[in-house]
Amino acid sequence: MRFRSSKINEFRLWGLLLTMGGMGLMIVGLAGVVFNWGQVGKVIAGIFMVIGMLGMLGSVGVYFWAGMLSTSAVSLECPECGKATKMLGKTDRCMFCKTVLTFDPRYAPPSEAAGEPAGK
C-alpha cells in the first residue's frame, strides 16, 4: 500500500521537488563553466540555467496554487488525533495522522464496528 498524504501536502511536495530539481539542473549546468569547457560549456550552462529557472518558476506556480487551495479548504478537527486540519474535495486525509476524512457517508472507509475488516 502506498502511503498517502493530504492533498494540500501532496501539492507542496511537488512544489518542493520542482524547486530541488530546478536548483539541481542549474548546478549541473555550471559544470560547463567550472571545468572550463570553452564556448560549448557556456552554451551548456546557459541551457541548463534556463531549464532550471523554468523548474523554479513552475514550483512558484505550484506553491501559489496550493496556497490558494488552502485558503478555500474546509478546516476541521481530525476525529483520530484531534488536531486542526484542512480538507479538499469529498475525501481527504488528515495532515498529521493520515486518517481518511469525509463529510459524505458514501465515501467513508469501512469501520471495524460494522463488522468489516479494517485491513483491506
# chains A, B, ... in the order shown; residues from 1 in each chain; ligands from 1

$ select_by_dssp --residues "chain A" --states "helix (DSSP H, G or I)" --output "ChimeraX atom specification"
/A:7-29,31-34,38-72,105-107,112-114

$ residues_around --residues "stretch 73-76 of chain A" --least-positions-apart "5" --cutoff "10 Å" --atoms "only C-alpha atoms" --output "ChimeraX atom specification"
/A:8,67-68,82-89,94,101

$ atom_distance --atom1 "atom CA of A:Ser72" --atom2 "atom CA of A:Asp104"
18.5 Å

$ closest_residue --among "A:Met95, A:Ala108, A:Leu57, A:Ile27" --to "A:Ile44" --atoms "only C-alpha atoms"
A:Ile27

$ residues_around --residues "A:Gly46" --least-positions-apart "5" --cutoff "12 Å" --atoms "only C-alpha atoms" --output "list in words"
Leu25, Met26, Ile27, Val28, Gly29, Leu30, Ala31, Gly32, Val33, Gln39, Val40, Gly41, Ile51, Gly52 and Met53 of chain A
